[in-house]
$ cat coords09.cif   # mmCIF, C-alpha atoms
data_model
loop_
_atom_site.label_atom_id
_atom_site.label_comp_id
_atom_site.auth_asym_id
_atom_site.auth_seq_id
_atom_site.Cartn_x
_atom_site.Cartn_y
_atom_site.Cartn_z
CA MET A 1 -8.31 23.32 -29.65
CA ARG A 2 -6.99 23.56 -26.08
CA ILE A 3 -6.09 20.15 -24.64
CA LEU A 4 -5.48 19.81 -20.94
CA LYS A 5 -2.54 17.61 -20.15
CA LYS A 6 -3.03 14.97 -17.46
CA ILE A 7 -1.06 12.86 -15.00
CA LEU A 8 -2.05 9.21 -14.69
CA VAL A 9 -1.12 7.38 -11.48
CA LEU A 10 -1.08 3.59 -11.24
CA ASN A 11 -0.94 1.90 -7.85
CA ALA A 12 -0.42 -1.81 -8.47
CA GLY A 13 -0.75 -3.91 -5.33
CA SER A 14 -0.40 -7.62 -4.78
CA SER A 15 -4.07 -8.21 -5.65
CA SER A 16 -5.35 -4.87 -6.94
CA LEU A 17 -4.66 -2.07 -9.41
CA LYS A 18 -5.88 1.36 -8.34
CA TRP A 19 -5.60 4.39 -10.60
CA GLN A 20 -6.40 8.09 -10.65
CA LEU A 21 -6.28 10.64 -13.45
CA PHE A 22 -5.34 14.20 -12.48
CA GLY A 23 -5.32 17.56 -14.22
CA ILE A 24 -1.72 18.69 -14.43
CA ASP A 25 -2.20 22.30 -13.30
CA ASP A 26 -3.91 21.89 -9.93
CA LEU A 27 -3.89 18.08 -9.59
CA SER A 28 -7.68 18.11 -9.60
CA LEU A 29 -9.12 14.61 -9.77
CA ILE A 30 -10.64 13.81 -13.18
CA ASN A 31 -11.57 10.19 -12.59
CA LYS A 32 -10.50 7.11 -10.68
CA GLY A 33 -11.10 3.40 -10.48
CA VAL A 34 -9.85 0.11 -9.14
CA MET A 35 -9.34 -3.45 -10.26
CA GLU A 36 -9.64 -5.95 -7.42
CA ARG A 37 -8.91 -9.64 -6.86
CA MET A 38 -6.56 -9.59 -9.83
CA LYS A 39 -5.71 -12.90 -11.55
CA THR A 40 -8.60 -14.68 -9.83
CA PRO A 41 -11.95 -15.89 -11.22
CA GLU A 42 -13.60 -13.11 -9.16
CA ALA A 43 -11.54 -10.24 -10.64
CA ILE A 44 -13.51 -6.99 -10.83
CA PHE A 45 -12.95 -3.82 -12.89
CA THR A 46 -14.55 -0.66 -11.48
CA ILE A 47 -14.62 2.82 -13.01
CA VAL A 48 -16.69 5.93 -12.28
CA ARG A 49 -19.21 6.76 -14.99
CA ASN A 50 -21.46 9.81 -14.68
CA GLY A 51 -20.74 10.02 -10.98
CA GLU A 52 -21.53 6.37 -10.28
CA ALA A 53 -19.29 3.34 -10.00
CA PHE A 54 -19.63 0.94 -12.91
CA THR A 55 -18.42 -2.59 -12.14
CA GLU A 56 -17.64 -5.44 -14.47
CA GLN A 57 -16.42 -8.90 -13.48
CA ILE A 58 -13.57 -10.10 -15.72
CA ALA A 59 -12.28 -13.51 -14.71
CA ASN A 60 -8.50 -13.82 -14.29
CA LEU A 61 -7.83 -10.22 -15.28
CA THR A 62 -4.06 -9.65 -15.57
CA TYR A 63 -2.26 -6.38 -14.89
CA GLN A 64 -1.36 -5.96 -18.57
CA GLN A 65 -4.98 -6.52 -19.59
CA GLY A 66 -6.10 -4.14 -16.86
CA VAL A 67 -3.86 -1.33 -18.12
CA GLU A 68 -5.02 -1.85 -21.71
CA LEU A 69 -8.66 -1.94 -20.65
CA LEU A 70 -8.17 1.23 -18.63
CA PHE A 71 -7.01 3.16 -21.71
CA ASP A 72 -9.94 1.82 -23.70
CA GLN A 73 -12.28 3.12 -21.01
CA LEU A 74 -10.55 6.51 -20.76
CA LYS A 75 -11.11 6.98 -24.49
CA HIS A 76 -14.65 5.58 -24.37
CA LEU A 77 -15.60 8.06 -21.64
CA HIS A 78 -13.85 10.89 -23.53
CA LEU A 79 -11.54 11.50 -20.58
CA ILE A 80 -8.73 11.48 -23.12
CA GLN A 81 -8.96 11.77 -26.89
CA ASP A 82 -5.49 10.42 -27.47
CA VAL A 83 -2.64 8.98 -25.41
CA ASP A 84 -0.62 12.14 -26.15
CA GLU A 85 -2.73 13.90 -23.51
CA ILE A 86 -0.95 11.95 -20.77
CA ALA A 87 1.92 14.22 -19.71
CA ALA A 88 3.39 11.65 -17.32
CA VAL A 89 2.60 8.46 -15.48
CA GLY A 90 3.42 7.94 -11.82
CA HIS A 91 3.85 4.44 -10.44
CA ARG A 92 3.84 3.24 -6.89
CA VAL A 93 6.82 0.88 -6.64
CA VAL A 94 7.24 -1.00 -3.39
CA ALA A 95 10.92 -1.86 -3.24
CA GLY A 96 13.66 0.51 -4.28
CA ALA A 97 16.04 -0.90 -1.65
CA THR A 98 18.97 1.49 -1.26
CA THR A 99 19.36 1.59 -5.05
CA PHE A 100 16.55 4.12 -5.54
CA THR A 101 16.33 6.71 -2.78
CA GLN A 102 14.16 9.29 -4.57
CA PRO A 103 11.34 9.34 -7.16
CA THR A 104 13.00 8.37 -10.44
CA GLN A 105 12.15 8.59 -14.12
CA ILE A 106 12.24 5.11 -15.66
CA THR A 107 14.70 4.46 -18.46
CA GLU A 108 15.66 1.21 -20.16
CA LYS A 109 18.80 1.10 -17.99
CA ASN A 110 17.19 1.64 -14.62
CA LEU A 111 14.27 -0.60 -15.56
CA SER A 112 16.79 -3.43 -15.53
CA GLN A 113 17.95 -2.27 -12.10
CA LEU A 114 14.34 -2.21 -10.97
CA LYS A 115 13.76 -5.77 -12.16
CA ALA A 116 16.79 -6.87 -10.16
CA LEU A 117 14.94 -5.69 -7.03
CA ASN A 118 11.97 -8.02 -7.59
CA LYS A 119 13.37 -10.32 -4.89
CA TYR A 120 12.77 -7.58 -2.30
CA ALA A 121 9.02 -7.49 -3.04
CA PRO A 122 8.12 -10.61 -5.06
CA LEU A 123 4.36 -9.98 -5.06
CA HIS A 124 4.61 -6.28 -5.90
CA ASN A 125 7.62 -5.21 -7.93
CA PRO A 126 7.00 -7.71 -10.77
CA VAL A 127 3.44 -6.47 -11.38
CA GLN A 128 4.57 -2.87 -11.10
CA VAL A 129 7.25 -3.56 -13.71
CA GLU A 130 4.58 -5.26 -15.83
CA CYS A 131 2.50 -2.08 -15.77
CA ILE A 132 5.53 0.05 -16.70
CA GLU A 133 6.41 -2.20 -19.63
CA THR A 134 2.81 -2.26 -20.84
CA LEU A 135 2.71 1.53 -20.85
CA MET A 136 5.96 1.64 -22.80
CA LYS A 137 4.00 -0.02 -25.58
CA VAL A 138 0.84 2.06 -25.16
CA LEU A 139 2.33 5.54 -24.73
CA PRO A 140 4.73 7.59 -26.87
CA LYS A 141 8.38 7.03 -25.94
CA SER A 142 8.61 10.68 -24.91
CA THR A 143 6.03 10.24 -22.11
CA PRO A 144 7.92 10.07 -18.81
CA GLN A 145 7.11 7.31 -16.37
CA ILE A 146 8.08 8.10 -12.78
CA ALA A 147 8.59 5.47 -10.09
CA VAL A 148 7.78 6.64 -6.55
CA PHE A 149 9.10 4.22 -3.95
CA ASP A 150 7.41 3.00 -0.78
CA SER A 151 10.81 2.12 0.66
CA LYS A 152 12.09 5.73 0.55
CA PHE A 153 10.17 6.75 3.69
CA TYR A 154 11.98 4.17 5.81
CA LEU A 155 15.56 4.87 4.80
CA ASP A 156 15.86 7.32 7.74
CA MET A 157 14.57 4.80 10.27
CA PRO A 158 17.06 4.33 13.14
CA GLU A 159 19.37 1.36 12.65
CA GLN A 160 18.31 -0.17 15.96
CA ASN A 161 14.96 -0.89 14.28
CA ALA A 162 16.00 -1.00 10.63
CA LEU A 163 18.66 -3.71 10.88
CA TYR A 164 18.45 -7.38 11.78
CA ALA A 165 20.80 -9.01 14.29
CA ILE A 166 22.76 -10.83 11.61
CA PRO A 167 26.44 -10.19 10.83
CA TYR A 168 26.63 -6.44 10.23
CA ASP A 169 28.70 -6.83 7.06
CA TYR A 170 25.90 -8.88 5.48
CA SER A 171 23.42 -6.10 6.19
CA LYS A 172 25.58 -3.54 4.43
CA LYS A 173 26.89 -5.64 1.54
CA TYR A 174 23.54 -7.16 0.56
CA GLN A 175 21.23 -4.25 1.51
CA ILE A 176 19.50 -6.39 4.13
CA ARG A 177 17.32 -4.17 6.32
CA LYS A 178 13.71 -3.27 6.94
CA TYR A 179 12.27 -1.42 3.96
CA GLY A 180 8.83 -1.18 5.52
CA GLU A 181 6.69 -0.73 2.41
CA HIS A 182 3.40 1.22 2.29
CA GLY A 183 5.73 4.15 2.94
CA ILE A 184 3.88 6.44 0.53
CA SER A 185 0.66 5.85 2.45
CA HIS A 186 2.18 6.10 5.93
CA GLU A 187 3.95 9.36 5.07
CA TYR A 188 0.77 10.78 3.53
CA ILE A 189 -1.26 9.85 6.61
CA LEU A 190 1.39 11.31 8.92
CA HIS A 191 0.94 14.69 7.24
CA GLU A 192 -2.84 14.40 6.91
CA THR A 193 -3.19 13.51 10.60
CA ALA A 194 -1.16 16.55 11.58
CA ASN A 195 -3.17 18.80 9.25
CA PHE A 196 -6.45 17.41 10.60
CA LEU A 197 -5.38 18.07 14.19
CA LYS A 198 -3.78 21.42 13.25
CA LYS A 199 -0.48 20.23 14.68
CA ASP A 200 3.10 20.24 13.44
CA TYR A 201 3.76 16.69 12.25
CA HIS A 202 7.21 16.84 13.87
CA ASP A 203 5.50 17.09 17.27
CA LEU A 204 3.39 13.92 16.99
CA LYS A 205 4.03 10.46 18.38
CA LEU A 206 1.88 8.55 15.94
CA VAL A 207 0.97 5.01 14.97
CA THR A 208 -0.53 4.58 11.50
CA LEU A 209 -2.33 1.39 10.50
CA HIS A 210 -2.46 0.75 6.76
CA LEU A 211 -4.78 -2.25 6.74
CA GLY A 212 -5.70 -3.79 3.40
CA GLY A 213 -4.90 -6.94 1.45
CA GLY A 214 -1.38 -6.05 2.50
CA ALA A 215 -1.20 -4.64 6.02
CA SER A 216 1.45 -2.71 7.90
CA ILE A 217 1.75 -0.63 11.05
CA THR A 218 4.28 2.20 11.48
CA ALA A 219 5.36 4.23 14.48
CA SER A 220 6.58 7.77 13.76
CA GLU A 221 8.03 10.55 15.88
CA LYS A 222 9.69 13.86 15.08
CA GLY A 223 8.33 13.58 11.56
CA LYS A 224 10.18 10.34 10.73
CA PRO A 225 9.43 6.62 10.98
CA PHE A 226 10.81 5.04 14.14
CA ASP A 227 9.69 1.43 13.62
CA THR A 228 7.47 -0.57 11.30
CA SER A 229 5.95 -4.02 11.03
CA MET A 230 7.03 -4.99 7.51
CA GLY A 231 10.64 -5.94 6.96
CA PHE A 232 13.16 -6.86 4.30
CA THR A 233 10.17 -7.79 2.14
CA PRO A 234 6.44 -7.16 2.64
CA LEU A 235 6.18 -10.72 4.00
CA GLU A 236 7.07 -9.76 7.57
CA GLY A 237 4.62 -8.37 10.09
CA LEU A 238 0.89 -8.94 10.41
CA PRO A 239 -0.83 -11.91 8.75
CA MET A 240 -2.29 -10.46 5.55
CA GLY A 241 -4.58 -11.55 2.73
CA THR A 242 -2.30 -14.27 1.39
CA ARG A 243 0.94 -13.51 3.28
CA SER A 244 1.90 -15.30 6.46
CA GLY A 245 3.37 -12.34 8.28
CA THR A 246 6.24 -13.00 10.67
CA VAL A 247 7.36 -16.63 10.81
CA ASP A 248 10.34 -18.25 12.54
CA PRO A 249 12.94 -18.62 9.72
CA ALA A 250 13.58 -22.19 10.86
CA VAL A 251 10.13 -23.12 9.52
CA VAL A 252 11.53 -22.73 5.98
CA PRO A 253 14.10 -25.58 6.06
CA PHE A 254 11.69 -27.66 8.17
CA LEU A 255 8.96 -27.47 5.50
CA MET A 256 11.51 -27.96 2.74
CA ASP A 257 12.33 -31.34 4.27
CA GLU A 258 8.74 -32.27 5.06
CA LEU A 259 7.23 -31.21 1.71
CA HIS A 260 10.28 -31.92 -0.49
CA LEU A 261 10.21 -28.38 -1.86
CA ASP A 262 12.96 -25.80 -2.36
CA ALA A 263 13.26 -22.52 -0.47
CA ASN A 264 11.65 -20.45 -3.24
CA GLN A 265 8.62 -22.74 -3.27
CA ILE A 266 8.20 -22.39 0.49
CA ILE A 267 8.48 -18.59 0.29
CA ASN A 268 5.89 -18.68 -2.48
CA ILE A 269 3.55 -20.56 -0.13
CA PHE A 270 4.17 -17.93 2.57
CA ASN A 271 3.44 -15.14 0.07
CA GLU A 272 0.50 -16.52 -1.91
CA LYS A 273 -1.21 -19.28 0.07
CA SER A 274 -0.93 -18.17 3.69
CA GLY A 275 -2.34 -15.36 5.83
CA LEU A 276 -6.12 -15.05 5.98
CA LEU A 277 -6.46 -17.44 3.05
CA GLY A 278 -4.18 -20.09 4.47
CA VAL A 279 -5.67 -20.08 7.95
CA SER A 280 -9.34 -19.75 6.96
CA GLY A 281 -9.19 -21.95 3.89
CA ILE A 282 -11.95 -19.87 2.30
CA SER A 283 -10.74 -16.39 1.32
CA ALA A 284 -7.98 -13.80 1.39
CA ASP A 285 -10.56 -10.99 1.62
CA MET A 286 -11.29 -9.62 5.10
CA ARG A 287 -14.91 -8.98 4.10
CA ASP A 288 -15.38 -12.71 3.56
CA ILE A 289 -13.52 -13.51 6.78
CA VAL A 290 -15.73 -11.21 8.85
CA SER A 291 -18.98 -12.48 7.31
CA ASN A 292 -18.01 -16.12 7.85
CA ALA A 293 -16.37 -15.82 11.28
CA PRO A 294 -19.61 -16.33 13.30
CA THR A 295 -20.13 -19.79 11.81
CA ASN A 296 -16.68 -20.84 10.57
CA ALA A 297 -14.07 -21.65 13.22
CA ARG A 298 -11.12 -21.20 10.88
CA ALA A 299 -12.38 -17.86 9.58
CA LYS A 300 -12.77 -16.77 13.20
CA LEU A 301 -9.22 -17.94 13.96
CA ALA A 302 -7.81 -15.99 11.00
CA TYR A 303 -9.64 -12.87 12.19
CA GLU A 304 -8.42 -13.25 15.76
CA MET A 305 -4.83 -13.78 14.62
CA PHE A 306 -5.01 -10.55 12.62
CA ILE A 307 -6.47 -8.56 15.53
CA ASN A 308 -3.99 -9.98 18.03
CA SER A 309 -1.03 -9.16 15.81
CA ALA A 310 -2.20 -5.57 15.32
CA VAL A 311 -2.63 -5.12 19.07
CA LYS A 312 0.89 -6.46 19.73
CA TYR A 313 2.44 -3.95 17.36
CA ILE A 314 0.49 -0.98 18.69
CA GLY A 315 1.26 -1.93 22.29
CA GLY A 316 4.93 -2.40 21.47
CA TYR A 317 5.15 0.95 19.72
CA PHE A 318 3.38 2.63 22.63
CA THR A 319 6.22 1.54 24.90
CA GLU A 320 8.97 2.19 22.31
CA LEU A 321 7.86 5.81 21.89
CA GLY A 322 7.07 6.34 25.57
CA GLY A 323 3.39 6.94 24.86
CA LEU A 324 1.33 8.01 21.87
CA ASP A 325 -0.55 11.10 20.77
CA VAL A 326 -2.53 9.56 17.92
CA ILE A 327 -3.48 6.27 16.28
CA THR A 328 -4.77 6.60 12.71
CA PHE A 329 -6.52 3.85 10.73
CA THR A 330 -6.42 3.89 6.95
CA ALA A 331 -6.60 1.80 3.72
CA GLY A 332 -9.36 -0.57 2.59
CA ILE A 333 -9.90 -2.54 5.79
CA GLY A 334 -8.85 0.28 8.12
CA GLU A 335 -11.25 2.72 6.49
CA HIS A 336 -14.30 0.53 5.92
CA GLN A 337 -14.33 -2.16 8.63
CA ALA A 338 -15.70 -0.35 11.68
CA SER A 339 -16.13 -3.55 13.69
CA LEU A 340 -12.46 -4.41 13.18
CA ARG A 341 -11.42 -0.97 14.46
CA THR A 342 -13.58 -1.64 17.51
CA ASP A 343 -12.04 -5.04 18.13
CA ILE A 344 -8.50 -3.62 17.93
CA VAL A 345 -9.11 -0.58 20.13
CA ASP A 346 -11.09 -2.53 22.73
CA ARG A 347 -7.95 -4.59 23.30
CA LEU A 348 -6.06 -1.36 24.02
CA ALA A 349 -8.33 -0.34 26.88
CA VAL A 350 -5.55 -1.19 29.34
CA LEU A 351 -3.73 1.84 27.94
CA GLY A 352 -6.80 4.04 28.42
CA ILE A 353 -7.56 4.11 24.69
CA LYS A 354 -11.29 4.16 23.95
CA LEU A 355 -13.57 4.54 20.92
CA ASP A 356 -16.67 6.61 20.46
CA GLU A 357 -18.85 3.99 18.78
CA GLU A 358 -21.19 6.53 17.20
CA SER A 359 -18.33 8.28 15.38
CA ASN A 360 -16.67 4.98 14.57
CA ASN A 361 -19.76 3.34 13.08
CA ASN A 362 -21.66 6.19 11.48
CA GLY A 363 -19.33 9.03 10.55
CA LYS A 364 -18.03 9.78 7.08
CA GLY A 365 -14.64 10.94 5.89
CA PRO A 366 -11.69 11.94 8.08
CA ARG A 367 -12.73 12.07 11.70
CA VAL A 368 -11.87 11.45 15.34
CA ILE A 369 -13.36 8.12 16.41
CA SER A 370 -12.06 8.03 19.99
CA SER A 371 -14.05 9.10 23.04
CA GLU A 372 -13.38 12.39 24.78
CA ASP A 373 -11.79 10.60 27.75
CA SER A 374 -9.46 8.45 25.64
CA THR A 375 -5.79 8.85 26.56
CA VAL A 376 -4.86 8.71 22.86
CA LYS A 377 -6.76 10.24 19.97
CA VAL A 378 -7.89 7.65 17.43
CA LEU A 379 -8.60 8.83 13.88
CA MET A 380 -9.83 7.36 10.63
CA ILE A 381 -8.37 9.14 7.60
CA PRO A 382 -8.66 7.77 4.05
CA THR A 383 -5.31 7.34 2.38
CA ASN A 384 -4.59 8.74 -1.05
CA GLU A 385 -1.33 7.27 -2.27
CA GLU A 386 -2.24 8.28 -5.80
CA LEU A 387 -2.40 11.99 -4.95
CA ALA A 388 0.90 11.75 -3.08
CA ILE A 389 2.45 10.10 -6.14
CA ALA A 390 1.01 12.75 -8.48
CA LYS A 391 2.56 15.49 -6.34
CA ALA A 392 5.93 13.72 -6.48
CA VAL A 393 5.65 13.33 -10.25
CA LYS A 394 4.83 16.99 -10.79
CA LYS A 395 7.61 18.07 -8.43
CA LEU A 396 10.22 15.90 -10.14
CA GLY A 397 9.84 17.06 -13.72
CA SER A 398 9.05 20.21 -15.62
CA LEU A 399 5.90 18.77 -17.15
CA SER A 400 4.26 20.52 -20.05
CA ASN A 401 1.52 23.00 -19.36
CA PRO A 402 -1.70 22.75 -21.41
CA VAL A 403 -0.97 23.14 -25.08
CA ASP A 404 -3.03 24.66 -27.85
CA GLU A 405 -3.81 22.73 -31.01
#

$ encode --input "coords09.cif" --output "structure tokens"
Amino acid sequence: MRILKKILVLNAGSSSLKWQLFGIDDLSLINKGVMERMKTPEAIFTIVRNGEAFTEQIANLTYQQGVELLFDQLKHLHLIQDVDEIAAVGHRVVAGATTFTQPTQITEKNLSQLKALNKYAPLHNPVQVECIETLMKVLPKSTPQIAVFDSKFYLDMPEQNALYAIPYDYSKKYQIRKYGEHGISHEYILHETANFLKKDYHDLKLVTLHLGGGASITASEKGKPFDTSMGFTPLEGLPMGTRSGTVDPAVVPFLMDELHLDANQIINIFNEKSGLLGVSGISADMRDIVSNAPTNARAKLAYEMFINSAVKYIGGYFTELGGLDVITFTAGIGEHQASLRTDIVDRLAVLGIKLDEESNNNGKGPRVISSEDSTVKVLMIPTNEELAIAKAVKKLGSLSNPVDE
């Protein structure tokens, strides 16, 4: 019996777990799914069955439970007969710092190194490690697990934007710099934008907006990132689902004194109880914010803070790069929230940037959503971090071809 080997990709975010299963030969998509609102009473498990999305609400679903449930479903749907059919697993890992500069196969030794980097991405790296450790129990020891790092894309960013104005020796000794995050997505969209426009990606001055539960904006030129909104950790930048975004560091000791908490507790508040959730008081999900904004003043405020922050970054990058060729929206909010794209681009009218509302509201798939007289092309292109990871996994190792049994 001929069994086709497969690559499984797990993309564990701060509140979600996306996955895709690929055929190893041509990286054709076999199936995909997502788990959203993880570790909350509203947690949802979604998988495609017979061409349609099947959704089940599983309160307080953990990442370990999600991985185990995923394998149960893969077997139930006969997508795999046995775990031996998984040739390799690729993981999106947010923070590799300067310790991991390339996609890396996980061993017991470097897993310890990876855990030591949890402090660089406290909402992400721990759950990504949790998924890796769960799979070490589920899969044969011989099955390689490959970590593909978001931070890799930003290691070439110029120091004028990568470093903070703290003593230079601290930056070097303690690896303190901007690591950006969402690098897999931003790099993928850089190439997809160029392909869509039939341009060389080295020739584009581009701003990419990865807007989801975590949100980041990156400026690229000459095929490399020039600046980005996220920083030393994913806490910096735009206000996000539960993250505050950029805050004056002096707020930390101030709140420590006022609330009688330590620094770690304050950072936890900034990571898990702030952003859209903290300002609105009702939800970390932009869909809830948008639906409640007309009647809820705090939801409206959270929305306006998000829009204003995005506009600041785009405007700043426009001047940093001396103009732009393209702005590309992507990720959950960027792809599906047409009204939000409108509200951001309308604020950029002073730069001559305009939307075509018909294309913005009613089109499907990758497309130009700017008007013909816009000074900058505006695109919407769905991201596919999982495919980018699968390509990196296949490139890294000599994975087995289909075997006969």

$ atom_distance --input "coords09.cif" --atom1 "CA of Asn360 (chain A)" --atom2 "CA of Ala338 (chain A)"
6.1 Å

$ resolve_selection --input "coords09.cif" --expression "the PyMOL selection byres ((chain A and resi 236-238) around 12)" --output "ChimeraX atom specification"
/A:120-121,177-181,209-218,227-235,239-249,267,270-271,274-276,302-314

$ resolve_selection --input "coords09.cif" --expression "the PyMOL selection byres ((chain A and resi 366-375) around 10)" --output "number ranges by chain"
A: 192-193, 196-197, 323-330, 335, 338, 341-342, 345, 349, 351-365, 376-383

$ resolve_selection --input "coords09.cif" --expression "the PyMOL selection byres ((chain A and resi 283) around 12)" --output "number ranges by chain"
A: 37, 40, 42, 213, 240-242, 272-282, 284-293, 296, 298-299, 302-303

$ atom_distance --input "coords09.cif" --atom1 "CA of Ser171 (chain A)" --atom2 "CA of Thr98 (chain A)"
11.5 Å

$ residues_around --input "coords09.cif" --residues "Lys394 (chain A)" --least-positions-apart "2" --cutoff "12 Å" --atoms "all atoms listed in the file" --output "short mmCIF file (atom, residue, chain, number, x, y, z; two decimals) with C-alpha atoms, keeping the file's coordinate frame"
data_model
loop_
_atom_site.label_atom_id
_atom_site.label_comp_id
_atom_site.auth_asym_id
_atom_site.auth_seq_id
_atom_site.Cartn_x
_atom_site.Cartn_y
_atom_site.Cartn_z
CA LYS A 5 -2.54 17.61 -20.15
CA LYS A 6 -3.03 14.97 -17.46
CA ILE A 7 -1.06 12.86 -15.00
CA LEU A 8 -2.05 9.21 -14.69
CA VAL A 9 -1.12 7.38 -11.48
CA PHE A 22 -5.34 14.20 -12.48
CA GLY A 23 -5.32 17.56 -14.22
CA ILE A 24 -1.72 18.69 -14.43
CA ASP A 25 -2.20 22.30 -13.30
CA ASP A 26 -3.91 21.89 -9.93
CA LEU A 27 -3.89 18.08 -9.59
CA ALA A 87 1.92 14.22 -19.71
CA ALA A 88 3.39 11.65 -17.32
CA VAL A 89 2.60 8.46 -15.48
CA GLY A 90 3.42 7.94 -11.82
CA PRO A 103 11.34 9.34 -7.16
CA THR A 104 13.00 8.37 -10.44
CA GLN A 105 12.15 8.59 -14.12
CA PRO A 144 7.92 10.07 -18.81
CA GLN A 145 7.11 7.31 -16.37
CA ILE A 146 8.08 8.10 -12.78
CA VAL A 148 7.78 6.64 -6.55
CA LEU A 387 -2.40 11.99 -4.95
CA ALA A 388 0.90 11.75 -3.08
CA ILE A 389 2.45 10.10 -6.14
CA ALA A 390 1.01 12.75 -8.48
CA LYS A 391 2.56 15.49 -6.34
CA ALA A 392 5.93 13.72 -6.48
CA LEU A 396 10.22 15.90 -10.14
CA GLY A 397 9.84 17.06 -13.72
CA SER A 398 9.05 20.21 -15.62
CA LEU A 399 5.90 18.77 -17.15
CA SER A 400 4.26 20.52 -20.05
CA ASN A 401 1.52 23.00 -19.36
#

$ atom_distance --input "coords09.cif" --atom1 "CA of Leu17 (chain A)" --atom2 "CA of Phe45 (chain A)"
9.2 Å

$ closest_residue --input "coords09.cif" --among "A:Thr295, A:Lys18, A:Asn31, A:Asp343" --to "Ile80 (chain A)" --atoms "all atoms listed in the file"
A:Asn31

$ axis_aligned_box --input "coords09.cif" --around "region 62-65 of chain A" --padding-each-side "5 Å" --output "AutoDock Vina command-line options"
--center_x -3.2 --center_y -7.8 --center_z -17.2 --size_x 13.6 --size_y 13.7 --size_z 14.7
